[in-house]
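*Asks:* This structure is in structure tokens; I'll ask about it shortly.
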Amino acid sequence: MKFENVCIESIALALPDEVWTSAAIEERLRPLYERLRLPFGRLELMSGIRERRVWPPGTLASDASAAAGRAVLTRSALRPEQMELFVHAAVSRDMLEPATASFTHRKIGLGPRCQVFDVSNACLGFLNSLTIAGSMIASGQIQCALVVAGENGRPLVERTVEHLLTAPLNRNQIKPFFANLTIGSGACAAVVCHRSLVRGPAHRLLGGVCLAATEHGALCQGDSAEAGGLEMQTDSEQLLVAGVGVARQTWAAFKEETGWAESSVDRFICHQVGAAHRRKLYETLGLDLARDFSTFETLGNMGSVSLPATLVRAVESGAIAAGQRVALLGIGSGINCMMQALAW
């Protein structure tokens, strides 16, 4: 896929105030740790995640997404009524029907002449939605779109802690639940439009590639649980191996599609899983780790929000400057991989 006149006009992040440290989560799990003689500190040591944010109890996905949507519109030179497409791109949702985008659209205050729907694809939803919006802009169907994602990991972490404390699990049986404890919460939004509407710097979305390896779909599976909770089980070791393998193939296709090489990229923005994933990914693809920008240490894995939130943080910190080439490297359970090229 290639785009000529598609731009990210503005992008914004909304984060909860409440912080849960890995040490605090382990303290809640003290009975389990003592029963299985697990060393305290292993959660941060193995993941590299020191803390993550959580929304207040009862927060809906649409509440989180709307906060980010309102934040990006305050930065944008475009008006809410100019939005012709609105996509909610998160794993989290208010309910099965209607689309969470419907609730979020109303909470943000967008106009009626706006196509509204959800896109859900694990941690790739935001990148998928940028591609959909870009394709509709490139084809002339629309001029402007708003993409949002709001993830609420609190129910999953709470459900996991409860399960680990009440189920008679041994050391091997707790492994599929480890990834749950790395999940954080947050929201992100981006205004995507035709280049002719941009009044400031044109952050061009140049295109990219995607690759599906759905034979690995069973390695990470999540669903709803009783009492409004969530549950997920992950074969973290095999997911890492399979995910990096798919990424290697996708990176080769990305270089061919864009004409970029490893040395062409000024900054890499990856989906934020943890320290081991980052290290293995960069080693396998032969990328310079010094060009990485990470947020997992303090935000955890926020699902579809992680990659765009990391892009926001990198821009706000000055790690990405005007004119630089940025590669967005996304991997989601399924397994699906998408890599996009940005000319910032």
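Going by the structure tokens order, chains are called A, B, ..., each with residues numbered from 1, while ligands are numbered from 1 in the order shown.
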Give me every strand (DSSP E) residue in segment 100-291 of chain A, going by DSSP on the backbone, as a PyMOL selection string.
*Replies:* chain A and resi 115-118+144-151+186-194+204-212+220-224+230-234+267-270
*Asks:* Please tabulate, as CSV, the residues of segment 107-209 of chain A that come within 12 Å of segment 68-89 of chain A, each with its closest pair of atoms and the distance in Å to one decimal, counting only C-alpha atoms and ordering rows by chain, then residue number upward.
*Replies:*
```
residue,atom,partner,partner_atom,distance
A:Lys107,CA,A:Arg70,CA,8.9
A:Ile108,CA,A:Arg70,CA,5.9
A:Gly109,CA,A:Pro80,CA,7.2
A:Leu110,CA,A:Pro80,CA,5.3
A:Gly111,CA,A:Glu81,CA,4.8
A:Pro112,CA,A:Glu81,CA,8.1
A:Arg113,CA,A:Glu84,CA,6.4
A:Cys114,CA,A:Glu84,CA,4.2
A:Gln115,CA,A:Leu85,CA,4.6
A:Val116,CA,A:Phe86,CA,4.9
A:Phe117,CA,A:Val87,CA,5.3
A:Asp118,CA,A:His88,CA,4.7
A:Val119,CA,A:Ala89,CA,4.7
A:Ser120,CA,A:Ala89,CA,5.7
A:Asn121,CA,A:Ala89,CA,7.9
A:Ala122,CA,A:Ala89,CA,9.1
A:Cys123,CA,A:Ala89,CA,9.2
A:Leu124,CA,A:Ala89,CA,8.4
A:Gly125,CA,A:Ala89,CA,4.8
A:Phe126,CA,A:Ala89,CA,5.2
A:Leu127,CA,A:Ala89,CA,8.6
A:Asn128,CA,A:Ala89,CA,8.1
A:Ser129,CA,A:Ala89,CA,6.5
A:Leu130,CA,A:Val87,CA,9.2
A:Thr131,CA,A:Val87,CA,11.4
A:Ile132,CA,A:Val87,CA,9.4
A:Ala133,CA,A:Leu85,CA,7.4
A:Gly134,CA,A:Leu85,CA,10.7
A:Ser135,CA,A:Leu85,CA,11.8
A:Met136,CA,A:Leu85,CA,9.1
A:Ile137,CA,A:Leu85,CA,9.9
A:Gly140,CA,A:Glu84,CA,11.7
A:Gln141,CA,A:Glu84,CA,9.1
A:Ile142,CA,A:Glu84,CA,6.2
A:Gln143,CA,A:Glu84,CA,7.1
A:Cys144,CA,A:Met83,CA,5.3
A:Ala145,CA,A:Leu85,CA,4.5
A:Leu146,CA,A:Phe86,CA,5.0
A:Val147,CA,A:Val87,CA,4.9
A:Val148,CA,A:His88,CA,5.1
A:Ala149,CA,A:Ala89,CA,4.9
A:Gly150,CA,A:Ala68,CA,7.8
A:Glu151,CA,A:Ala89,CA,9.5
A:Gly186,CA,A:Ala68,CA,8.8
A:Ala187,CA,A:Ala68,CA,5.7
A:Cys188,CA,A:Ala68,CA,5.2
A:Ala189,CA,A:Ala68,CA,5.3
A:Ala190,CA,A:Val72,CA,6.5
A:Val191,CA,A:Val72,CA,7.2
A:Val192,CA,A:Met83,CA,9.3
A:Cys193,CA,A:Met83,CA,9.1
A:His194,CA,A:Leu78,CA,11.6
A:Ser196,CA,A:Leu78,CA,11.9
A:Leu197,CA,A:Leu78,CA,8.0
A:Val198,CA,A:Ala77,CA,7.9
A:Arg199,CA,A:Ala77,CA,7.1
A:Gly200,CA,A:Ala77,CA,8.6
A:Pro201,CA,A:Ala77,CA,11.6
```
*Asks:* Report as a list in words all protein, DNA and RNA residues lying within 8 Å of segment 252-254 of chain A, evaluated on only C-alpha atoms, omitting residues in the same chain fewer than 3 positions from it.
*Replies:*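 Here the qualifying residues turn out to be Gly208, Val209, Arg248, Gln249, Glu257, Thr258, Gly259, Trp260, Met339 and Gln340 of chain A.
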*Asks:* Based on the selection just made, write N, CA and C atoms of those residues as a tab-separated table (two decimals), in the first residue's frame.
*Replies:*
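Once everything was written out, this is again_13.tsv:
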```
chain	number	residue	atom	x	y	z
A	208	GLY	N	2.73	1.16	3.57
A	208	GLY	CA	3.39	0.08	4.29
A	208	GLY	C	2.93	-1.27	3.80
A	209	VAL	N	3.10	-2.28	4.64
A	209	VAL	CA	2.75	-3.65	4.29
A	209	VAL	C	2.13	-4.35	5.49
A	248	ARG	N	10.00	-10.60	10.86
A	248	ARG	CA	11.15	-10.68	9.97
A	248	ARG	C	10.70	-10.70	8.50
A	249	GLN	N	9.67	-11.48	8.21
A	249	GLN	CA	9.15	-11.53	6.85
A	249	GLN	C	8.51	-10.21	6.44
A	257	GLU	N	8.75	-2.56	-0.41
A	257	GLU	CA	7.62	-1.68	-0.75
A	257	GLU	C	8.00	-0.20	-0.66
A	258	THR	N	8.75	0.16	0.38
A	258	THR	CA	9.06	1.57	0.63
A	258	THR	C	10.38	2.03	0.03
A	259	GLY	N	11.28	1.09	-0.24
A	259	GLY	CA	12.61	1.45	-0.68
A	259	GLY	C	13.52	1.88	0.46
A	260	TRP	N	13.04	1.74	1.68
A	260	TRP	CA	13.84	2.08	2.85
A	260	TRP	C	14.75	0.91	3.22
A	339	MET	N	3.45	-2.94	9.18
A	339	MET	CA	4.50	-1.95	9.30
A	339	MET	C	4.16	-0.78	8.39
A	340	GLN	N	4.23	0.43	8.93
A	340	GLN	CA	3.89	1.62	8.17
A	340	GLN	C	5.03	2.62	8.18
```
*Asks:* Just checking: using only C-alpha atoms, which residue out of A:Arg35, A:His216, A:Arg313, A:Arg325 ends up closest to Arg267 of chain A?
*Replies:*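 Looking only at the distances to Arg267 of chain A, the closest residue turns out to be A:Arg325.
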*Asks:* At a cut-off of 10 Å, using only C-alpha atoms, what residues contact Leu211 of chain A? Leave out same-chain residues fewer than 4 positions from it and give the result as an NGL selection string.
*Replies:* :A and (246-247 or 249-251 or 253 or 331 or 335-339)
*Asks:* What does the file look like for those residues with N, CA and C atoms, as a tab-separated table (two decimals), in the first residue's frame?
*Replies:*
```
chain	number	residue	atom	x	y	z
A	246	VAL	N	7.27	-13.67	12.08
A	246	VAL	CA	6.39	-12.97	11.14
A	246	VAL	C	6.93	-11.56	10.87
A	247	ALA	N	7.44	-10.91	11.92
A	247	ALA	CA	8.00	-9.56	11.76
A	247	ALA	C	9.18	-9.56	10.81
A	249	GLN	N	9.67	-11.48	8.21
A	249	GLN	CA	9.15	-11.53	6.85
A	249	GLN	C	8.51	-10.21	6.44
A	250	THR	N	7.80	-9.59	7.38
A	250	THR	CA	7.13	-8.33	7.09
A	250	THR	C	8.14	-7.21	6.85
A	251	TRP	N	9.23	-7.22	7.63
A	251	TRP	CA	10.25	-6.19	7.47
A	251	TRP	C	10.90	-6.28	6.08
A	253	ALA	N	9.42	-7.35	3.37
A	253	ALA	CA	8.43	-6.82	2.43
A	253	ALA	C	8.31	-5.31	2.55
A	331	ILE	N	2.73	-5.62	15.79
A	331	ILE	CA	2.49	-7.06	15.81
A	331	ILE	C	1.32	-7.31	16.75
A	335	ILE	N	-1.71	-14.54	14.30
A	335	ILE	CA	-0.84	-13.37	14.45
A	335	ILE	C	-0.94	-12.55	13.17
A	336	ASN	N	-0.95	-11.22	13.34
A	336	ASN	CA	-0.90	-10.31	12.21
A	336	ASN	C	0.21	-9.30	12.46
A	337	CYS	N	0.83	-8.85	11.38
A	337	CYS	CA	1.90	-7.87	11.48
A	337	CYS	C	1.66	-6.77	10.45
A	338	MET	N	1.80	-5.52	10.86
A	338	MET	CA	1.68	-4.39	9.95
A	338	MET	C	2.80	-3.41	10.23
A	339	MET	N	3.45	-2.94	9.18
A	339	MET	CA	4.50	-1.95	9.30
A	339	MET	C	4.16	-0.78	8.39
```
*Asks:* So that I can see what lies close to Tyr282 of chain A, please list as a ChimeraX atom specification the residues with an atom at most 12 Å from it, counting only C-alpha atoms and leaving out residues fewer than 2 positions away in the same chain.
*Replies:* /A:244-245,247-248,251,262,268-270,275-280,284-292,329
*Asks:* Fewer than 3 positions away in the same chain doesn't count, so skip those; otherwise give me all residues within 10 Å of Ile320 of chain A, counting only C-alpha atoms, as a PyMOL selection string.
*Replies:* chain A and resi 266-268+293+311-317+323-326+344
*Asks:* Using only C-alpha atoms, which of the listed residues (A:Leu299, A:Val91, A:Ile49, A:Met232) sits closest to Val19 of chain A?
*Replies:*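 Among the listed residues, the smallest separation from Val19 of chain A belongs to A:Leu299.
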*Asks:* Within 12 Å of Asp223 of chain A, counting only C-alpha atoms, which residues qualify if same-chain residues fewer than 4 places away don't, as a list in words?
*Replies:*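 Contacts, in chain order: Val91, Ser92, Arg93, Leu96, Ala122, Pro155, Leu156, Arg159, Gly228, Gly229, Leu230, Glu231, Met232 and Gln233 of chain A.
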*Asks:* Of the residues A:Ala343, A:Ser333, A:Met1, A:Gln272, which is the one nearest to Leu205 of chain A, using only C-alpha atoms?
*Replies:* A:Ala343
*Asks:* Write out as a ChimeraX atom specification all residues of segment 232-302 of chain A that backbone DSSP assigns to helix (DSSP H, G or I).
*Replies:* /A:236-258,262-264,275-285,289-291,296-299
*Asks:* Report, in Å to a single decimal, how far apart atom CA of Gly184 of chain A and atom CA of Asn152 of chain A are.
*Replies:*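 One can read the atom CA of Asn152 of chain A to atom CA of Gly184 of chain A distance as 7.3 Å.
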*Asks:* List as JSON lines every residue of segment 207-305 of chain A that is in contact with segment 51-66 of chain A, defined as an atom at most 10 Å from one of its atoms (using only C-alpha atoms), together with the nearest atom pair and the distance in Å rounded to one decimal, sorted by chain and then rising number.
*Replies:*
```
{"residue": "A:Thr295", "atom": "CA", "partner": "A:Arg52", "partner_atom": "CA", "distance": 9.9}
{"residue": "A:Phe296", "atom": "CA", "partner": "A:Arg52", "partner_atom": "CA", "distance": 8.1}
{"residue": "A:Glu297", "atom": "CA", "partner": "A:Glu51", "partner_atom": "CA", "distance": 6.6}
{"residue": "A:Thr298", "atom": "CA", "partner": "A:Glu51", "partner_atom": "CA", "distance": 4.8}
{"residue": "A:Leu299", "atom": "CA", "partner": "A:Arg52", "partner_atom": "CA", "distance": 4.3}
{"residue": "A:Gly300", "atom": "CA", "partner": "A:Arg52", "partner_atom": "CA", "distance": 5.0}
{"residue": "A:Asn301", "atom": "CA", "partner": "A:Arg52", "partner_atom": "CA", "distance": 8.1}
{"residue": "A:Met302", "atom": "CA", "partner": "A:Arg52", "partner_atom": "CA", "distance": 8.8}
{"residue": "A:Val305", "atom": "CA", "partner": "A:Ser65", "partner_atom": "CA", "distance": 9.9}
```
*Asks:* When you draw a straight line from atom CA of Ser102 of chain A to atom CA of Gly153 of chain A, how long is it in Å?
*Replies:* 21.2 Å
*Asks:* So which one's closest to Arg30 of chain A, A:Ala319, A:Val6, A:Leu165, A:Ala14? Using only C-alpha atoms, please.
*Replies:*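 Smallest separation from Arg30 of chain A among the options: A:Leu165.
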